[in-house]
Every structure is written in C-alpha cells, then in structure tokens.
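Single-structure report; data block below.
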Amino acid sequence: MPHLLKDHTTQALAFNTLHQLHHEGTRQERHLASICLDLLKSEEREMRFLSSIANVYTSVVQGNPEDQKENRKACARQVKNVFENVFYHIDGIENLPLDSGHIFIYNHLVNHTYYTLSNRFQLTLDSHFLSSLILNDHYEDPGIRVVRYGKSFEYGHQDYYDNLGYINVYSDDSDLKDSESKAKAKEKFYQEANDYLNNRVNIIISPEGTSFASEESPGSFKMGPFNLALNADEEPLIVPVIFYNFDKRITESLFYCSVLKPFRISDKKGENQSLKSFVKAYQRDFEKDVVSARFRAEQLLENHNNQ
C-alpha cells in the first residue's frame, strides 16, 4: 500500500483496494483499512481531484475534432465535477451582464505542480472555472478562450486546445517564432475574436499573457484585450474577474473568485487619454481589487476553519 500511494498513477488502485478491504476483508483487515482511510482523507480527496482532471483531459482529446462546440460544452460539464469537492467561493455573480458577447479578463494564476498529469499537461484551474462554473452556468455557453501556442514538447497541451477550437496566440511561454508568424497570429486573433463577439459569444482572455502566483498577481497588462474591445464592430463590455488561491493545493486553502462590475472603455477613458495610459491606470485599480480579494479569501477560510 505505501508503494501504491507514492505515485499519482497508482493512488486510485490503493484507495480502491482499501475500500474493498473495508467492506469485504477479514475483521482485522476491515479495522486496518478503516484506520488508513481515516488517516488518508486529505490524500484521497486530492486523488479524486486529480483523477477528475485526467477525466476532463481524456474527454476533450477523445472528442470529435469536427464538433468543437460540443467538445467545449462537454468540457464545461466535466469541469464542474472537478470542483465538486473543492471549497470555493464566488462573489459578484450579480455583476454579470444579462446578455453575452463581452470580454472577460482575469488575473491568470499558475497551477500547483502537484496537479500535473503524466504527459506534463496542466488543466488551468482558474480559466476552466470561469468558463464552466460562471459562463456556462449563466449563459449556457462556456465562451471562447484565448490560449497560447504550446511548446514543441507540450503535445498534450496542443492536442487538448486544438479540439476545443480556442483562439491561439503566441506568448512568452510559447516556442520562439519569427515576427511574421507572430504578426499573422495576432491579426487572426483580432479577426476571430471580433467575429465571435458579433455572434454574441463571450471571449475569455488574460491581459497578462502569462500566469503568476497569487502573491505576485497581477502581472503587467498587455494591450490586446483592450485594443480588441475598443476596435470591435460593436464595443463590448469588459468584465473583470479576480482569482485568488487557485495556485494552491485544494487541501490547504480556499479557491476564491470575484466578478467585478463591467465597464466599457469608452465610458471610462478620458477624451484625450491614450489607450495605453488608460490601461496602465486601470491596472493599478485592478491591483487594489486583487488585494481586497486576498483579504476576503483569508476571511472566508478562517470562518470555514472555525466552523
């Protein structure tokens, strides 16, 4: 049993064996299995969490590549199972726009390395949470995410996102490409994203272009999401979403999410203010909201632990 518990790939077998012994073993086996299961509650919870992540990955990569919309819906349904036994809290649902076709920006958090699958794939917990437990629940559609091109060794990453039909862009976490390839990808991003907005599909994009730990979040904002909003055929709302603790182990913390009040850039930007200046000023406001989210998450966790 200790050997089976050491590795992610055999932990499920370990717990299945313990449960079988607890129900069908001899008296002594049932007693020992009961003690083990009681001592290993946290480990079993994480095992089930990681197994549900693996199920999402398998569901997506085995989906029909010709039906990416259904793959996205199926993924959203599976992701709900991932968070079924996770302590999380959402504030600000009342701030969601009644209609869809808007840009959702968020501070992107790194994944804890413990939740890496055997093929090195990491299911980005914050963005999947946003598309599944917020957008799909509210609009019955998980929206379209903007994701980075993976590195050459990240075959799991590209297989997964290609089957979901998301918009790919180059980032600092992608393989280096020539300027012409980057320019073509950038042009394609603006065209595809604008088409989705015209069809009333929500766009999910992190303005940081990479991920950070909660304590270092947010990073510097890039101009892409804001250029897209201001130059769209019909200016969409920008809906800011803040995540905190999604980079932690589920047994150690509370996953916190806050939906802030949406806005249109044209309503907030000064008449003679450049877009770049506006984005810098808005980032400072966003940083303050992240600090508030940290205190709110800490308070919720303390209340939970005292119950």
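Identifiers for the structure tokens are assigned positionally: chains receive A, B, ... in sequence, residues are indexed from 1 per chain, and ligands are indexed from 1 in the order shown.
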May I have the residues within 10 Å of Asn107 of chain A as a list of chain:residue names, using only C-alpha atoms and disregarding those fewer than 6 positions away in the same chain?
->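 So, after excluding close chain neighbours, the residues are A:Asp126, A:Ser127, A:Ile205, A:Ser206, A:Pro207, A:Glu208, A:Gly209, A:Thr210, A:Ser211, A:Phe212, A:Ala213, A:Ser214, A:Ser217, A:Pro218, A:Gly219, A:Phe221, A:Pro240, A:Val241, A:Ile242, A:Phe243, A:Tyr244, A:Phe286, A:Glu287, A:Val290.
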Do a neighbour search on segment 85-98 of chain A at 6 Å with only C-alpha atoms, toss out local chain neighbours closer than 3 positions, and write the hits as JSON, numbers by chain.
-> {"A": [254, 255, 256, 257, 258, 259, 261]}
Next, the residues of the selection above should be written as a compact mmCIF listing (two decimals), in the first residue's frame with C-alpha atoms.
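That gives us selection-v2.txt:
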# COMPACT_ATOMS: atom_id res chain seq x y z
CA LEU A 254 -9.97 28.21 -0.38
CA PHE A 255 -10.38 28.94 -4.08
CA TYR A 256 -11.79 32.45 -4.33
CA CYS A 257 -13.34 34.16 -7.35
CA SER A 258 -14.86 37.64 -7.62
CA VAL A 259 -16.73 39.08 -10.61
CA LYS A 261 -18.63 45.41 -12.24
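Using only C-alpha atoms, the shortest contact distance between His304 of chain A and any of A:Lys276, A:Ser253, A:Val56, A:Met47 is found at A:Ser253.
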Rank A:Tyr170, A:Asn305, A:Lys288, A:Tyr161 by their smallest atom-to-atom distance to Gln68 of chain A, using only C-alpha atoms, and report the top residue only.
-> A:Tyr161
Extract, using only C-alpha atoms, all DNA, RNA and protein residues at most 10 Å from Leu18 of chain A, discarding same-chain residues fewer than 3 positions from it, and format them as a PyMOL selection string.
-> chain A and resi 1+12-15+21-25+29-30+32-37
Could you check which of A:Asn198, A:Arg148, A:Ile53, A:Lys222 is closest to Lys182 of chain A, using only C-alpha atoms?
->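 For Lys182 of chain A, the nearest of the candidates is A:Arg148.
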DSSP on the backbone: what in segment 6-163 of chain A comes out alpha helix (DSSP H), as a PyMOL selection string?
-> chain A and resi 8-24+27-39+41-61+68-82+125-129+137-139+155-162
Measure the distance from atom CA of His157 of chain A to atom CA of Gln122 of chain A in Å and round it to one decimal.
->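 Computing the Euclidean distance for atom CA of His157 of chain A and atom CA of Gln122 of chain A yields 7.9 Å.
Of the listed residues A:Lys69, A:Lys269, A:Arg294, A:Arg48, the one whose atoms come nearest to Thr9 of chain A is A:Arg48, with distances taken using only C-alpha atoms.
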Sel. of strand (DSSP E or B) residues, segment 90-153 of chain A, as a ChimeraX atom specification = /A:90-91,103-106,109,116,122,144-148
Residues as selected, C-alpha atoms, written as an mmCIF file, in the first residue's frame, can you do that?
data_model
loop_
_atom_site.group_PDB
_atom_site.id
_atom_site.type_symbol
_atom_site.label_atom_id
_atom_site.label_comp_id
_atom_site.auth_asym_id
_atom_site.auth_seq_id
_atom_site.Cartn_x
_atom_site.Cartn_y
_atom_site.Cartn_z
ATOM 1 C CA ILE A 90 -17.768 33.210 -5.784
ATOM 2 C CA ASP A 91 -18.654 36.832 -5.153
ATOM 3 C CA ILE A 103 -14.777 40.269 -22.998
ATOM 4 C CA PHE A 104 -13.945 38.602 -19.676
ATOM 5 C CA ILE A 105 -10.480 39.454 -18.377
ATOM 6 C CA TYR A 106 -8.881 37.770 -15.375
ATOM 7 C CA LEU A 109 -2.636 32.058 -11.774
ATOM 8 C CA THR A 116 0.329 17.938 -13.376
ATOM 9 C CA GLN A 122 -1.844 21.100 -16.573
ATOM 10 C CA ILE A 144 -14.151 31.131 -26.309
ATOM 11 C CA ARG A 145 -10.812 31.331 -24.581
ATOM 12 C CA VAL A 146 -7.631 32.864 -25.945
ATOM 13 C CA VAL A 147 -4.796 30.408 -25.271
ATOM 14 C CA ARG A 148 -1.106 30.304 -26.024
#
Thr113 of chain A surroundings by only C-alpha atoms, 12 Å radius, close-in-sequence under 5 positions cut, as a ChimeraX atom specification | /A:50,118,120-124,213,246-249
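The nearest approach to Ile265 of chain A among the residues A:Asp159, A:Glu235, A:Glu216, A:Asp67, with only C-alpha atoms taken into account, belongs to A:Glu235.
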Pick from A:Leu130, A:Ala193, A:Ala293, A:Met223: nearest to Pro236 of chain A, with only C-alpha atoms counted?
->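 Smallest distance to Pro236 of chain A is found for A:Ala193.
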